[in-house]
file work32.cif (mmCIF, C-alpha atoms)
data_start
#
loop_
_atom_site.group_PDB
_atom_site.id
_atom_site.type_symbol
_atom_site.label_atom_id
_atom_site.label_comp_id
_atom_site.auth_asym_id
_atom_site.auth_seq_id
_atom_site.Cartn_x
_atom_site.Cartn_y
_atom_site.Cartn_z
ATOM 1 C CA MET Y 1 -3.416 -28.510 22.447
ATOM 2 C CA VAL Y 2 -0.059 -26.730 22.516
ATOM 3 C CA ARG Y 3 0.737 -23.045 22.524
ATOM 4 C CA VAL Y 4 2.417 -22.146 19.240
ATOM 5 C CA TRP Y 5 1.832 -18.521 18.195
ATOM 6 C CA ASP Y 6 2.529 -16.029 20.953
ATOM 7 C CA ARG Y 7 0.494 -12.863 21.462
ATOM 8 C CA ALA Y 8 3.003 -10.698 19.574
ATOM 9 C CA VAL Y 9 2.897 -12.938 16.487
ATOM 10 C CA ARG Y 10 -0.902 -13.026 16.441
ATOM 11 C CA SER Y 11 -1.299 -9.275 17.012
ATOM 12 C CA PHE Y 12 1.273 -8.597 14.307
ATOM 13 C CA HIS Y 13 -0.517 -10.854 11.846
ATOM 14 C CA TRP Y 14 -3.980 -9.342 12.243
ATOM 15 C CA ALA Y 15 -2.741 -5.744 12.557
ATOM 16 C CA LEU Y 16 -0.835 -6.225 9.302
ATOM 17 C CA VAL Y 17 -3.962 -7.641 7.643
ATOM 18 C CA LEU Y 18 -5.879 -4.572 8.799
ATOM 19 C CA SER Y 19 -3.258 -2.092 7.604
ATOM 20 C CA PHE Y 20 -2.910 -3.834 4.224
ATOM 21 C CA VAL Y 21 -6.675 -3.869 3.634
ATOM 22 C CA THR Y 22 -6.939 -0.232 4.742
ATOM 23 C CA ALA Y 23 -4.061 0.834 2.486
ATOM 24 C CA TRP Y 24 -5.542 -1.048 -0.455
ATOM 25 C CA LEU Y 25 -8.983 0.540 -0.033
ATOM 26 C CA THR Y 26 -7.600 4.077 0.345
ATOM 27 C CA SER Y 27 -4.967 3.991 -2.412
ATOM 28 C CA HIS Y 28 -6.976 6.299 -4.666
ATOM 29 C CA SER Y 29 -9.148 8.102 -2.144
ATOM 30 C CA SER Y 30 -7.987 9.104 1.310
ATOM 31 C CA GLU Y 31 -4.331 10.094 1.234
ATOM 32 C CA ASP Y 32 -4.018 10.686 5.002
ATOM 33 C CA ILE Y 33 -5.400 7.286 5.957
ATOM 34 C CA HIS Y 34 -3.301 5.622 3.250
ATOM 35 C CA HIS Y 35 -0.134 7.190 4.652
ATOM 36 C CA TRP Y 36 -0.970 6.104 8.208
ATOM 37 C CA ALA Y 37 -1.621 2.562 6.996
ATOM 38 C CA ASP Y 38 1.844 2.676 5.371
ATOM 39 C CA TYR Y 39 3.583 3.818 8.572
ATOM 40 C CA THR Y 40 1.689 1.231 10.613
ATOM 41 C CA ALA Y 41 2.684 -1.574 8.246
ATOM 42 C CA ALA Y 42 6.314 -0.422 8.246
ATOM 43 C CA ALA Y 43 6.403 -0.314 12.052
ATOM 44 C CA LEU Y 44 4.785 -3.749 12.261
ATOM 45 C CA VAL Y 45 7.334 -5.228 9.838
ATOM 46 C CA ALA Y 46 10.211 -3.691 11.821
ATOM 47 C CA MET Y 47 8.822 -5.110 15.069
ATOM 48 C CA ARG Y 48 8.320 -8.531 13.491
ATOM 49 C CA LEU Y 49 11.919 -8.588 12.228
ATOM 50 C CA LEU Y 50 13.098 -7.921 15.766
ATOM 51 C CA TRP Y 51 10.701 -10.503 17.203
ATOM 52 C CA GLY Y 52 11.973 -13.020 14.647
ATOM 53 C CA VAL Y 53 15.278 -12.903 16.486
ATOM 54 C CA LEU Y 54 14.218 -12.258 20.081
ATOM 55 C CA GLY Y 55 10.776 -13.870 20.217
ATOM 56 C CA THR Y 56 9.357 -17.148 21.491
ATOM 57 C CA PRO Y 57 10.627 -20.338 19.762
ATOM 58 C CA TYR Y 58 7.980 -20.605 17.015
ATOM 59 C CA ALA Y 59 8.255 -16.872 16.265
ATOM 60 C CA ARG Y 60 11.946 -17.107 15.387
ATOM 61 C CA PHE Y 61 13.154 -17.106 11.796
ATOM 62 C CA SER Y 62 15.724 -19.739 12.700
ATOM 63 C CA GLN Y 63 12.847 -22.087 13.567
ATOM 64 C CA PHE Y 64 11.023 -21.844 10.229
ATOM 65 C CA VAL Y 65 13.187 -20.307 7.491
ATOM 66 C CA ARG Y 66 14.653 -23.200 5.528
ATOM 67 C CA ASP Y 67 16.903 -23.466 2.508
ATOM 68 C CA PRO Y 68 15.275 -23.394 -0.968
ATOM 69 C CA ALA Y 69 15.959 -27.108 -1.575
ATOM 70 C CA THR Y 70 13.932 -28.049 1.520
ATOM 71 C CA VAL Y 71 11.122 -25.742 0.403
ATOM 72 C CA LEU Y 72 11.087 -27.314 -3.078
ATOM 73 C CA ARG Y 73 11.058 -30.819 -1.582
ATOM 74 C CA TYR Y 74 8.090 -29.796 0.547
ATOM 75 C CA PHE Y 75 6.267 -28.537 -2.567
ATOM 76 C CA SER Y 76 6.845 -31.855 -4.325
ATOM 77 C CA ALA Y 77 5.600 -33.669 -1.190
ATOM 78 C CA ILE Y 78 2.434 -31.531 -1.388
ATOM 79 C CA LEU Y 79 1.965 -32.569 -5.032
ATOM 80 C CA SER Y 80 2.207 -36.235 -4.093
ATOM 81 C CA GLY Y 81 -0.067 -35.661 -1.083
ATOM 82 C CA ARG Y 82 2.447 -36.811 1.560
ATOM 83 C CA GLU Y 83 3.621 -33.549 3.128
ATOM 84 C CA ALA Y 84 4.292 -33.666 6.867
ATOM 85 C CA ARG Y 85 2.347 -31.646 9.380
ATOM 86 C CA TYR Y 86 4.453 -29.044 11.170
ATOM 87 C CA ILE Y 87 3.580 -27.518 14.513
ATOM 88 C CA GLY Y 88 5.297 -24.275 13.511
ATOM 89 C CA HIS Y 89 5.423 -22.983 9.922
ATOM 90 C CA ASN Y 90 5.998 -25.724 7.368
ATOM 91 C CA PRO Y 91 8.847 -25.011 4.883
ATOM 92 C CA ALA Y 92 6.454 -23.530 2.296
ATOM 93 C CA GLY Y 93 4.733 -21.404 4.938
ATOM 94 C CA GLY Y 94 8.094 -20.206 6.248
ATOM 95 C CA ALA Y 95 9.129 -19.149 2.738
ATOM 96 C CA MET Y 96 5.795 -17.344 2.389
ATOM 97 C CA VAL Y 97 6.437 -15.407 5.613
ATOM 98 C CA VAL Y 98 9.757 -14.220 4.182
ATOM 99 C CA VAL Y 99 8.379 -13.076 0.813
ATOM 100 C CA LEU Y 100 5.305 -11.482 2.404
ATOM 101 C CA ILE Y 101 7.478 -9.472 4.789
ATOM 102 C CA ALA Y 102 9.813 -8.489 1.921
ATOM 103 C CA ALA Y 103 6.894 -7.404 -0.279
ATOM 104 C CA MET Y 104 5.216 -5.502 2.561
ATOM 105 C CA GLY Y 105 8.510 -3.843 3.458
ATOM 106 C CA SER Y 106 9.257 -2.717 -0.086
ATOM 107 C CA THR Y 107 5.683 -1.519 -0.617
ATOM 108 C CA ALA Y 108 5.834 0.553 2.567
ATOM 109 C CA LEU Y 109 9.312 1.881 1.750
ATOM 110 C CA THR Y 110 8.515 2.953 -1.818
ATOM 111 C CA GLY Y 111 5.216 4.438 -0.634
ATOM 112 C CA TRP Y 112 7.012 6.572 1.909
ATOM 113 C CA LEU Y 113 9.638 7.594 -0.687
ATOM 114 C CA MET Y 114 6.816 8.981 -2.848
ATOM 115 C CA THR Y 115 6.108 11.523 -0.114
ATOM 116 C CA THR Y 116 9.704 12.722 0.285
ATOM 117 C CA ASP Y 117 11.108 15.804 -1.490
ATOM 118 C CA ALA Y 118 13.846 13.687 -3.047
ATOM 119 C CA TYR Y 119 11.539 11.133 -4.726
ATOM 120 C CA PHE Y 120 8.231 13.023 -5.035
ATOM 121 C CA GLY Y 121 6.792 12.516 -8.523
ATOM 122 C CA VAL Y 122 9.674 10.283 -9.658
ATOM 123 C CA SER Y 123 7.988 7.767 -11.893
ATOM 124 C CA TRP Y 124 10.161 4.704 -11.225
ATOM 125 C CA VAL Y 125 9.365 5.005 -7.505
ATOM 126 C CA GLU Y 126 5.639 5.101 -8.283
ATOM 127 C CA THR Y 127 6.013 2.089 -10.579
ATOM 128 C CA ALA Y 128 7.972 0.172 -7.918
ATOM 129 C CA HIS Y 129 5.304 0.989 -5.307
ATOM 130 C CA SER Y 130 2.502 -0.171 -7.576
ATOM 131 C CA LEU Y 131 4.345 -3.350 -8.606
ATOM 132 C CA SER Y 132 5.195 -4.373 -5.062
ATOM 133 C CA ALA Y 133 1.654 -3.625 -3.845
ATOM 134 C CA HIS Y 134 0.181 -5.800 -6.595
ATOM 135 C CA ALA Y 135 2.763 -8.526 -5.995
ATOM 136 C CA LEU Y 136 1.821 -8.398 -2.315
ATOM 137 C CA LEU Y 137 -1.850 -8.864 -3.176
ATOM 138 C CA VAL Y 138 -1.032 -11.925 -5.301
ATOM 139 C CA LEU Y 139 1.160 -13.339 -2.506
ATOM 140 C CA VAL Y 140 -1.633 -12.798 0.021
ATOM 141 C CA LEU Y 141 -3.976 -14.813 -2.201
ATOM 142 C CA PHE Y 142 -1.418 -17.646 -2.421
ATOM 143 C CA HIS Y 143 -0.913 -17.400 1.352
ATOM 144 C CA ILE Y 144 -4.651 -17.815 1.942
ATOM 145 C CA GLY Y 145 -4.700 -20.707 -0.545
ATOM 146 C CA GLY Y 146 -1.759 -22.373 1.217
ATOM 147 C CA VAL Y 147 -3.422 -21.982 4.625
ATOM 148 C CA ALA Y 148 -6.637 -23.472 3.249
ATOM 149 C CA LEU Y 149 -4.770 -26.411 1.687
ATOM 150 C CA ALA Y 150 -2.724 -27.186 4.812
ATOM 151 C CA SER Y 151 -5.838 -26.880 7.003
ATOM 152 C CA PHE Y 152 -7.695 -29.309 4.764
ATOM 153 C CA ARG Y 153 -4.841 -31.827 4.491
ATOM 154 C CA HIS Y 154 -4.057 -31.929 8.190
ATOM 155 C CA ARG Y 155 -7.647 -31.492 9.401
ATOM 156 C CA GLU Y 156 -7.036 -28.417 11.509
ATOM 157 C CA ASN Y 157 -8.182 -24.801 11.326
ATOM 158 C CA LEU Y 158 -5.032 -22.742 10.863
ATOM 159 C CA VAL Y 159 -6.939 -19.450 10.763
ATOM 160 C CA TRP Y 160 -8.375 -20.234 14.201
ATOM 161 C CA ALA Y 161 -4.876 -21.205 15.380
ATOM 162 C CA MET Y 162 -3.669 -17.720 14.406
ATOM 163 C CA ILE Y 163 -6.441 -16.324 16.636
ATOM 164 C CA THR Y 164 -6.026 -18.565 19.700
ATOM 165 C CA GLY Y 165 -2.333 -19.362 19.238
ATOM 166 C CA ARG Y 166 -3.002 -23.059 19.949
ATOM 167 C CA LYS Y 167 -2.683 -26.131 17.763
ATOM 168 C CA ARG Y 168 -3.314 -29.852 18.174
ATOM 169 C CA LYS Y 169 -0.242 -31.421 19.713
ATOM 170 C CA ALA Y 170 2.242 -33.263 17.539
ATOM 171 C CA GLU Y 171 1.469 -36.836 16.558
ATOM 172 C CA PRO Y 172 4.367 -39.254 15.864
ATOM 173 C CA ALA Y 173 4.466 -38.410 12.128
ATOM 174 C CA ASP Y 174 4.376 -34.649 12.737
ATOM 175 C CA ILE Y 175 7.333 -32.327 13.003
ATOM 176 C CA ALA Y 176 7.370 -30.290 16.191
ATOM 177 C CA MET L 1 -31.355 49.926 -4.702
ATOM 178 C CA TYR L 2 -31.588 48.178 -1.343
ATOM 179 C CA ARG L 3 -32.957 45.062 -3.015
ATOM 180 C CA THR L 4 -30.108 45.066 -5.537
ATOM 181 C CA LEU L 5 -27.558 45.262 -2.721
ATOM 182 C CA VAL L 6 -29.178 42.386 -0.866
ATOM 183 C CA LEU L 7 -29.289 40.297 -4.031
ATOM 184 C CA ALA L 8 -25.655 41.114 -4.798
ATOM 185 C CA ALA L 9 -24.651 40.187 -1.256
ATOM 186 C CA LEU L 10 -26.571 36.911 -1.495
ATOM 187 C CA ALA L 11 -25.020 36.165 -4.877
ATOM 188 C CA GLY L 12 -21.619 36.834 -3.363
ATOM 189 C CA MET L 13 -22.328 34.504 -0.451
ATOM 190 C CA ILE L 14 -23.295 31.728 -2.843
ATOM 191 C CA ALA L 15 -20.581 32.358 -5.428
ATOM 192 C CA GLY L 16 -17.857 33.088 -2.875
ATOM 193 C CA PRO L 17 -17.243 29.543 -1.694
ATOM 194 C CA ALA L 18 -17.532 28.287 -5.281
ATOM 195 C CA LEU L 19 -14.803 30.697 -6.377
ATOM 196 C CA ALA L 20 -12.736 29.921 -3.305
ATOM 197 C CA ALA L 21 -13.011 26.225 -4.173
ATOM 198 C CA GLY L 22 -10.748 27.196 -7.049
ATOM 199 C CA GLY L 23 -12.218 26.197 -10.381
ATOM 200 C CA SER L 24 -12.588 22.775 -11.877
ATOM 201 C CA CYS L 25 -11.143 20.362 -14.391
ATOM 202 C CA SER L 26 -12.023 20.627 -18.066
ATOM 203 C CA THR L 27 -14.930 18.636 -19.386
ATOM 204 C CA ALA L 28 -13.808 19.051 -23.019
ATOM 205 C CA PRO L 29 -12.346 16.172 -25.048
ATOM 206 C CA LYS L 30 -8.579 15.643 -24.876
ATOM 207 C CA SER L 31 -8.106 17.188 -28.314
ATOM 208 C CA GLN L 32 -9.006 20.545 -26.744
ATOM 209 C CA PHE L 33 -6.308 20.299 -24.061
ATOM 210 C CA LYS L 34 -3.306 22.599 -24.214
ATOM 211 C CA PRO L 35 -0.041 20.681 -24.601
ATOM 212 C CA LYS L 36 1.731 19.526 -21.451
ATOM 213 C CA ALA L 37 4.888 21.174 -22.786
ATOM 214 C CA THR L 38 3.226 24.610 -22.591
ATOM 215 C CA LEU L 39 2.438 24.076 -18.914
ATOM 216 C CA GLU L 40 5.882 22.677 -18.235
ATOM 217 C CA ALA L 41 7.560 25.693 -19.873
ATOM 218 C CA GLN L 42 5.371 28.053 -17.837
ATOM 219 C CA LEU L 43 6.247 26.261 -14.572
ATOM 220 C CA THR L 44 9.929 26.119 -15.421
ATOM 221 C CA GLY L 45 9.731 29.881 -15.973
ATOM 222 C CA GLU L 46 8.299 30.188 -12.452
ATOM 223 C CA GLY L 47 11.381 28.413 -11.101
ATOM 224 C CA LEU L 48 9.941 24.932 -10.629
ATOM 225 C CA THR L 49 11.624 21.704 -11.680
ATOM 226 C CA VAL L 50 8.865 19.542 -13.135
ATOM 227 C CA ARG L 51 9.230 15.818 -12.435
ATOM 228 C CA GLN L 52 5.996 14.564 -13.895
ATOM 229 C CA ILE L 53 2.705 15.833 -15.323
ATOM 230 C CA LYS L 54 -0.174 13.379 -15.155
ATOM 231 C CA VAL L 55 -3.498 13.668 -16.926
ATOM 232 C CA GLU L 56 -6.213 13.247 -14.296
ATOM 233 C CA LYS L 57 -9.496 13.410 -16.198
ATOM 234 C CA GLY L 58 -9.708 17.068 -17.346
ATOM 235 C CA CYS L 59 -6.801 18.215 -15.224
ATOM 236 C CA TYR L 60 -3.046 18.154 -15.361
ATOM 237 C CA GLU L 61 -1.562 17.121 -12.020
ATOM 238 C CA VAL L 62 1.946 18.449 -11.615
ATOM 239 C CA TYR L 63 4.682 16.836 -9.509
ATOM 240 C CA ALA L 64 7.535 19.284 -9.133
ATOM 241 C CA VAL L 65 10.108 20.694 -6.745
ATOM 242 C CA ASP L 66 10.739 24.356 -6.061
ATOM 243 C CA LYS L 67 14.092 26.155 -5.973
ATOM 244 C CA ALA L 68 14.619 25.031 -2.373
ATOM 245 C CA GLY L 69 14.116 21.397 -3.410
ATOM 246 C CA LYS L 70 10.733 21.147 -1.649
ATOM 247 C CA LYS L 71 8.009 19.096 -3.286
ATOM 248 C CA VAL L 72 5.164 20.964 -4.983
ATOM 249 C CA ASN L 73 1.901 19.341 -6.062
ATOM 250 C CA LEU L 74 -0.391 21.389 -8.315
ATOM 251 C CA ALA L 75 -3.403 20.903 -10.542
ATOM 252 C CA TYR L 76 -4.376 22.836 -13.677
ATOM 253 C CA ASN L 77 -7.417 22.803 -15.885
ATOM 254 C CA ALA L 78 -6.015 21.021 -18.952
ATOM 255 C CA GLU L 79 -8.006 23.149 -21.402
ATOM 256 C CA THR L 80 -7.326 26.618 -19.968
ATOM 257 C CA LEU L 81 -4.193 25.917 -17.866
ATOM 258 C CA GLU L 82 -5.976 27.761 -15.072
ATOM 259 C CA LYS L 83 -4.496 26.811 -11.693
ATOM 260 C CA LEU L 84 -6.799 25.026 -9.256
ATOM 261 C CA ASP L 85 -6.639 25.236 -5.490
ATOM 262 C CA ASN L 86 -6.984 21.511 -4.951
ATOM 263 C CA ALA L 87 -4.061 19.479 -6.320
ATOM 264 C CA GLU L 88 -6.215 16.339 -6.247
ATOM 265 C CA ALA L 89 -9.042 17.960 -8.241
ATOM 266 C CA GLY L 90 -8.696 15.490 -11.104
ATOM 267 C CA GLU L 91 -8.843 12.389 -8.934
ATOM 268 C CA ASN L 92 -11.938 10.451 -7.818
#
call {"tool": "encode", "arguments": {"input": "work32.cif", "output": "structure tokens"}}
result
Amino acid sequence: MVRVWDRAVRSFHWALVLSFVTAWLTSHSSEDIHHWADYTAAALVAMRLLWGVLGTPYARFSQFVRDPATVLRYFSAILSGREARYIGHNPAGGAMVVVLIAAMGSTALTGWLMTTDAYFGVSWVETAHSLSAHALLVLVLFHIGGVALASFRHRENLVWAMITGRKRKAEPADIA
Amino acid sequence: MYRTLVLAALAGMIAGPALAAGGSCSTAPKSQFKPKATLEAQLTGEGLTVRQIKVEKGCYEVYAVDKAGKKVNLAYNAETLEKLDNAEAGEN
């Protein structure tokens, strides 16, 4: 087994899950808790952006963010059932990290704007908040689907890897 | 006389919090609601800039800013346009 996800990455992941679930459940009930979930998510995203530059090798954006052509090639490899196993994020997973962070960031930002004097009650801000929150939910479902698919194809438990931080070491065909 | 006073005091103790809770949303059908424009005109007259009025069940929830540019969140019974103490009265 090799260490892949450091403590910061794992804490970020599960804290973000918790704040997203909390925010979703309190969107029409408890305003105070909803606002705190927003601030928590925003702080987590800001910390993750910093860690994506300063963090351990597999936490860095430069390690897993690839150009769209590479991502598309990886998708077509998935369709033909020959996609490589990556020790870090595979190209599709790396793209998912980027869009999830973008969606979480814009949801948190527009949510906070709704509470400011300048944008309070402005309907396009409310619409943008609702749209990005729903888009985020859809992305989360695809993320879970992608994790399930990759776990199944490469016979490893990626959810457990995000808890322990460890993964099976690279075999010759894998990409470290 | 004494009994009347006690009863009045008790009634006050029971009704007091209910009154302090600040009324409730209308239970009448939407056709009975006063127009949003009436409420908006009234609020504009009070110096508020109305950004949005939402229908929340039998209430109008108002999103506005005051003269100082500070946000103001208010709720009104949609049938009587009586102001409620809780701006979220129409939700949940």
call {"tool": "resolve_selection", "arguments": {"input": "work32.cif", "expression": "the PyMOL selection byres ((chain Y) within 12 of (chain L))", "output": "PyMOL selection string"}}
result
chain Y and resi 26-31+113-126
call {"tool": "residues_around", "arguments": {"input": "work32.cif", "residues": "Gly58 of chain L", "least_positions_apart": "3", "cutoff": "7 Å", "atoms": "all atoms listed in the file", "output": "VMD selection string"}}
result
chain L and resid 25 to 27 77 to 78 90
call {"tool": "axis_aligned_box", "arguments": {"input": "work32.cif", "around": "segment 51-62 of chain L", "padding_each_side": "6 Å", "output": "AutoDock Vina command-line options"}}
result
--center_x -0.2 --center_y 15.8 --center_z -14.5 --size_x 30.9 --size_y 17.2 --size_z 17.7
call {"tool": "residues_around", "arguments": {"input": "work32.cif", "residues": "segment 8-22 of chain Y", "least_positions_apart": "2", "cutoff": "7 Å", "atoms": "all atoms listed in the file", "output": "list in words"}}
result
Trp5, Asp6, Trp24, Leu25, Thr26, Ala37, Thr40, Ala41, Leu44, Ala59, Met162 and Ile163 of chain Y
call {"tool": "residues_near_point", "arguments": {"input": "work32.cif", "point": "(13.3, -26.6, 2.3)", "cutoff": "12 Å", "atoms": "all atoms listed in the file", "output": "number ranges by chain"}}
result
Y: 64-77, 83, 89-96
call {"tool": "resolve_selection", "arguments": {"input": "work32.cif", "expression": "the PyMOL selection byres ((chain L and resi 84) around 8)", "output": "JSON, numbers by chain"}}
result
{"L": [22, 23, 24, 74, 75, 76, 77, 82, 83, 85, 86, 87, 89]}
call {"tool": "atom_distance", "arguments": {"input": "work32.cif", "atom1": "atom CA of Ala108 of chain Y", "atom2": "atom CA of Ala42 of chain Y"}}
result
5.8 Å
call {"tool": "atom_distance", "arguments": {"input": "work32.cif", "atom1": "atom CA of Arg153 of chain Y", "atom2": "atom CA of Gly81 of chain Y"}}
result
8.3 Å
call {"tool": "build_atoms", "arguments": {"input": "work32.cif", "residues": "segment 22-42 of chain L", "atoms": "N, CA and C atoms", "output": "compact mmCIF listing (two decimals), keeping the file's coordinate frame"}}
result
# COMPACT_ATOMS: atom_id res chain seq x y z
N GLY L 22 -11.88 27.14 -6.14
CA GLY L 22 -10.75 27.20 -7.05
C GLY L 22 -10.91 26.49 -8.37
N GLY L 23 -12.06 26.69 -9.02
CA GLY L 23 -12.22 26.20 -10.38
C GLY L 23 -12.34 24.70 -10.47
N SER L 24 -12.38 24.20 -11.72
CA SER L 24 -12.59 22.78 -11.88
C SER L 24 -11.85 22.28 -13.11
N CYS L 25 -11.82 20.98 -13.25
CA CYS L 25 -11.14 20.36 -14.39
C CYS L 25 -11.97 20.57 -15.65
N SER L 26 -11.33 20.47 -16.79
CA SER L 26 -12.02 20.63 -18.07
C SER L 26 -12.95 19.44 -18.32
N THR L 27 -14.05 19.73 -19.00
CA THR L 27 -14.93 18.64 -19.39
C THR L 27 -14.84 18.40 -20.89
N ALA L 28 -13.97 19.16 -21.56
CA ALA L 28 -13.81 19.05 -23.02
C ALA L 28 -13.02 17.78 -23.37
N PRO L 29 -13.15 17.33 -24.63
CA PRO L 29 -12.35 16.17 -25.05
C PRO L 29 -10.85 16.50 -25.03
N LYS L 30 -10.03 15.46 -25.00
CA LYS L 30 -8.58 15.64 -24.88
C LYS L 30 -7.98 16.47 -26.01
N SER L 31 -8.64 16.44 -27.17
CA SER L 31 -8.11 17.19 -28.31
C SER L 31 -8.10 18.69 -28.04
N GLN L 32 -8.93 19.12 -27.08
CA GLN L 32 -9.01 20.54 -26.74
C GLN L 32 -7.95 20.96 -25.71
N PHE L 33 -7.27 19.97 -25.12
CA PHE L 33 -6.31 20.30 -24.06
C PHE L 33 -5.12 21.05 -24.64
N LYS L 34 -4.57 21.96 -23.83
CA LYS L 34 -3.31 22.60 -24.21
C LYS L 34 -2.19 21.58 -23.99
N PRO L 35 -1.11 21.68 -24.77
CA PRO L 35 -0.04 20.68 -24.60
C PRO L 35 0.61 20.76 -23.22
N LYS L 36 1.01 19.60 -22.73
CA LYS L 36 1.73 19.53 -21.45
C LYS L 36 2.98 20.41 -21.48
N ALA L 37 3.63 20.43 -22.65
CA ALA L 37 4.89 21.17 -22.79
C ALA L 37 4.69 22.66 -22.49
N THR L 38 3.52 23.20 -22.87
CA THR L 38 3.23 24.61 -22.59
C THR L 38 3.21 24.86 -21.09
N LEU L 39 2.52 23.95 -20.37
CA LEU L 39 2.44 24.08 -18.91
C LEU L 39 3.81 23.91 -18.28
N GLU L 40 4.56 22.93 -18.80
CA GLU L 40 5.88 22.68 -18.24
C GLU L 40 6.79 23.90 -18.40
N ALA L 41 6.73 24.51 -19.61
CA ALA L 41 7.56 25.69 -19.87
C ALA L 41 7.19 26.83 -18.93
N GLN L 42 5.86 27.00 -18.73
CA GLN L 42 5.37 28.05 -17.84
C GLN L 42 5.88 27.84 -16.41
